[in-house]
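Chemist: My structure is below; once you've seen it, I'll send some questions.
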Amino acid sequence: MTCYGFIGLGNMGGGMAAVLAAAGHRVQAFDLSAKALERAVSAGARASETAAAAIAGAEVVITMLPAGTHVRDVYEQALLPAAAGNALVIDCSTVDVATARAVAEQAQAAGLRPADAPVSGGVAAAAAGALTFMVGCRDADFAAVEEALTPMAKTVVRAGEAGAGQAAKICNNMLLGVSMIGACEALALAEGLGLDPERFFEIASASSGQCWSLTSYCPWPGPVEAAPSNRGYAGGFAVAMMLKDLKLAQGAAASVGTSTPLGAQAEALYALFDRLGYGEKDFSGLIQMLRGRLDLLA
């Protein structure tokens with residue numbers, strides 16, 4: 001049994017902590033939300049009154065936080081003072097590369113073993129222990145990081161040194177955001193042309209238009225039972241979180257002089273959807289904005 005300190009118990013972190021507890025590990029959990037902490041305790045985690053208390057004595061510390069500023073604050077105010085020497089400290093948040101490298105440098109200087117390990121797979125994969133982790137860490141630490149993440153993982157891949165995991169996640173989610181818009185537009189157009197969208201799904205799933213956004217996360221209700229489109233676009237990957245990732249991608253692109261015009265257009269569309277008040281809906285709900293059926297998201 002490994003002792004994990006787990007900070008951040010939102011839609012993703014809560015499921016990850018529950019999987020660790022179900023695997024028999026001690027999970028010392030903390031979140032600013034009392035309800036999130038209660039859910040973690042009901043899933044087998046142990047409540048901690050502060051982030052520092054959750055971290056104290058843990059062999060592995062995992063953070064799953066909303067933004068880079070939260071990660072920096074937790075590292076500086078709680079993790080660096082409280083973490084045990086030589087502990088693995090793994091940030092699974094999606095943040096900017098500069099933050100990932102900065103906190104890794106601080107942790108390494110304190111004698112800790114840092115890694116950035118953002119995830120892909122969504123809420124369902126988090127609850128099922130089937131996430132993909134993209135890891136940035138020292139090569140010598142990867143075997144230990146992989147072992148620590150394996151209970152929650154389908155795949156654990158080392159992308160490179162500190163910050164490489166975040167770079168991979170930012171690029172992956174930009175691709176996801178762009179491909180989901182393509183799937184939404186194609187399904188909306190099929191409907192407009194008098195083609196049954198479910199029949200189009202069947203055809204495109206076996207044709208060159210096939211992609212994950214269509215066949216695993218279909219934005220049209222019906223074809224993919226587990227997709228948020230069948231739950232009123234509740235849960236899943238929130239529009240606000242997709243928008244955050246697309247902003248990170250655009251900031252990263254600007255910093256290295258890379259042109260990403262489709263990424264920029266995707267950011268603009270999700271920003272509009274968010275401003276209309278649908279930031280908490282799953283990002284695949286964009287199809288209803290394109291169809292002019294925002295009433296279906298009420």
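In the structure tokens, the first chain shown is A, the next is B, and so on; residue numbers restart at 1 for each chain, and ligands run from 1 in the order shown.
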From range 30-206 of chain A, collect each residue whose DSSP state is strand (DSSP E) and return the set as a tab-separated table (two decimals) with N, CA and C atoms, in the first residue's frame.
Modeler:
chain	number	residue	atom	x	y	z
A	30	PHE	N	-7.48	16.38	0.03
A	30	PHE	CA	-7.88	17.73	0.41
A	30	PHE	C	-8.44	18.47	-0.79
A	46	ARG	N	-9.22	9.55	2.90
A	46	ARG	CA	-9.21	10.09	4.25
A	46	ARG	C	-9.13	11.61	4.17
A	47	ALA	N	-10.04	12.29	4.84
A	47	ALA	CA	-10.09	13.74	4.76
A	47	ALA	C	-8.94	14.38	5.51
A	60	VAL	N	3.76	9.68	-2.37
A	60	VAL	CA	3.42	10.26	-3.67
A	60	VAL	C	2.42	11.38	-3.42
A	61	VAL	N	2.68	12.56	-3.98
A	61	VAL	CA	1.74	13.67	-3.91
A	61	VAL	C	1.23	13.96	-5.31
A	62	ILE	N	-0.09	13.99	-5.47
A	62	ILE	CA	-0.70	14.29	-6.76
A	62	ILE	C	-1.53	15.55	-6.62
A	63	THR	N	-1.32	16.50	-7.51
A	63	THR	CA	-2.14	17.71	-7.56
A	63	THR	C	-2.94	17.71	-8.85
A	88	LEU	N	7.71	11.49	-4.54
A	88	LEU	CA	7.29	11.82	-5.91
A	88	LEU	C	6.22	12.90	-5.82
A	89	VAL	N	6.37	13.98	-6.57
A	89	VAL	CA	5.36	15.03	-6.60
A	89	VAL	C	4.92	15.19	-8.05
A	90	ILE	N	3.68	14.80	-8.32
A	90	ILE	CA	3.18	14.68	-9.68
A	90	ILE	C	2.02	15.63	-9.88
A	91	ASP	N	2.20	16.60	-10.76
A	91	ASP	CA	1.12	17.53	-11.06
A	91	ASP	C	0.37	17.04	-12.29
A	113	ARG	N	11.14	14.49	-6.16
A	113	ARG	CA	11.18	13.95	-7.53
A	113	ARG	C	9.93	14.42	-8.27
A	114	PRO	N	10.04	15.48	-9.07
A	114	PRO	CA	8.87	16.07	-9.70
A	114	PRO	C	8.55	15.48	-11.07
A	115	ALA	N	7.26	15.59	-11.42
A	115	ALA	CA	6.80	15.22	-12.77
A	115	ALA	C	5.55	16.03	-13.09
A	116	ASP	N	5.43	16.45	-14.34
A	116	ASP	CA	4.14	16.96	-14.82
A	116	ASP	C	3.51	15.83	-15.61
A	119	VAL	N	-3.54	14.63	-18.06
A	119	VAL	CA	-4.26	13.42	-18.46
A	119	VAL	C	-5.17	13.65	-19.66
A	120	SER	N	-5.50	12.57	-20.32
A	120	SER	CA	-6.49	12.56	-21.38
A	120	SER	C	-7.43	11.39	-21.15
A	131	LEU	N	-7.13	6.35	-17.70
A	131	LEU	CA	-6.62	7.59	-18.27
A	131	LEU	C	-5.31	7.38	-19.03
A	132	THR	N	-5.01	8.30	-19.92
A	132	THR	CA	-3.68	8.38	-20.54
A	132	THR	C	-2.94	9.53	-19.87
A	133	PHE	N	-1.76	9.23	-19.36
A	133	PHE	CA	-0.92	10.23	-18.71
A	133	PHE	C	0.25	10.56	-19.63
A	134	MET	N	0.46	11.86	-19.84
A	134	MET	CA	1.58	12.37	-20.64
A	134	MET	C	2.58	12.97	-19.67
A	135	VAL	N	3.74	12.36	-19.54
A	135	VAL	CA	4.63	12.67	-18.42
A	135	VAL	C	5.87	13.43	-18.87
A	136	GLY	N	6.18	14.48	-18.12
A	136	GLY	CA	7.45	15.17	-18.26
A	136	GLY	C	8.23	14.99	-16.97
A	137	CYS	N	9.38	14.34	-17.02
A	137	CYS	CA	10.18	14.10	-15.81
A	137	CYS	C	11.57	13.64	-16.21
A	153	ALA	N	-4.44	4.37	-14.71
A	153	ALA	CA	-4.04	4.56	-16.10
A	153	ALA	C	-4.40	3.41	-17.03
A	154	LYS	N	-4.67	3.81	-18.26
A	154	LYS	CA	-4.65	2.89	-19.40
A	154	LYS	C	-3.26	2.93	-20.02
A	155	THR	N	-2.70	4.13	-20.11
A	155	THR	CA	-1.40	4.34	-20.73
A	155	THR	C	-0.64	5.42	-19.98
A	156	VAL	N	0.65	5.18	-19.76
A	156	VAL	CA	1.53	6.19	-19.18
A	156	VAL	C	2.72	6.34	-20.13
A	157	VAL	N	2.88	7.54	-20.70
A	157	VAL	CA	3.92	7.77	-21.71
A	157	VAL	C	4.83	8.90	-21.25
A	158	ARG	N	6.12	8.67	-21.29
A	158	ARG	CA	7.06	9.76	-20.99
A	158	ARG	C	7.26	10.58	-22.26
A	159	ALA	N	6.89	11.87	-22.19
A	159	ALA	CA	7.02	12.76	-23.35
A	159	ALA	C	8.40	13.39	-23.42
A	160	GLY	N	9.08	13.47	-22.27
A	160	GLY	CA	10.39	14.10	-22.23
A	160	GLY	C	10.67	14.66	-20.86
Chemist: With a distance cut-off of 10 Å and only C-alpha atoms, select the neighbouring residues of Glu59 in chain A, excluding the residue or stretch itself and same-chain residues fewer than 4 positions from it, and output the selection as JSON, numbers by chain.
Modeler: {"A": [2, 3, 4, 5, 55, 83, 84, 85, 86, 87, 88, 89, 148]}
Chemist: Which residue is closest to Pro228 in chain A? Choose from A:Arg26, A:Lys281, A:Arg138, A:His70 and count only C-alpha atoms.
Modeler: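 Among the listed residues, A:Lys281 lies closest to Pro228 in chain A.
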Chemist: Compare A:Ser205, A:Ser229, A:Thr260, A:Gln250 by their minimum atom-to-atom distance to Phe283 in chain A, counting only C-alpha atoms, and give me the closest one.
Modeler: A:Ser229
Chemist: Excluding Ala186 in chain A and any residue of its chain fewer than 6 positions from it, enumerate the residues within 12 Å of it, using only C-alpha atoms, and give them as a list in words.
Modeler: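 The neighbour list is Ser179, Met180, Gly192, Leu193, Leu195, Asp196, Pro197, Glu198, Phe200, Phe201, Ile203, Ala204, Gly209, Gln210, Ser213, Leu214, Cys218, Pro219, Trp220, Ile287, Leu290 and Arg291 of chain A.
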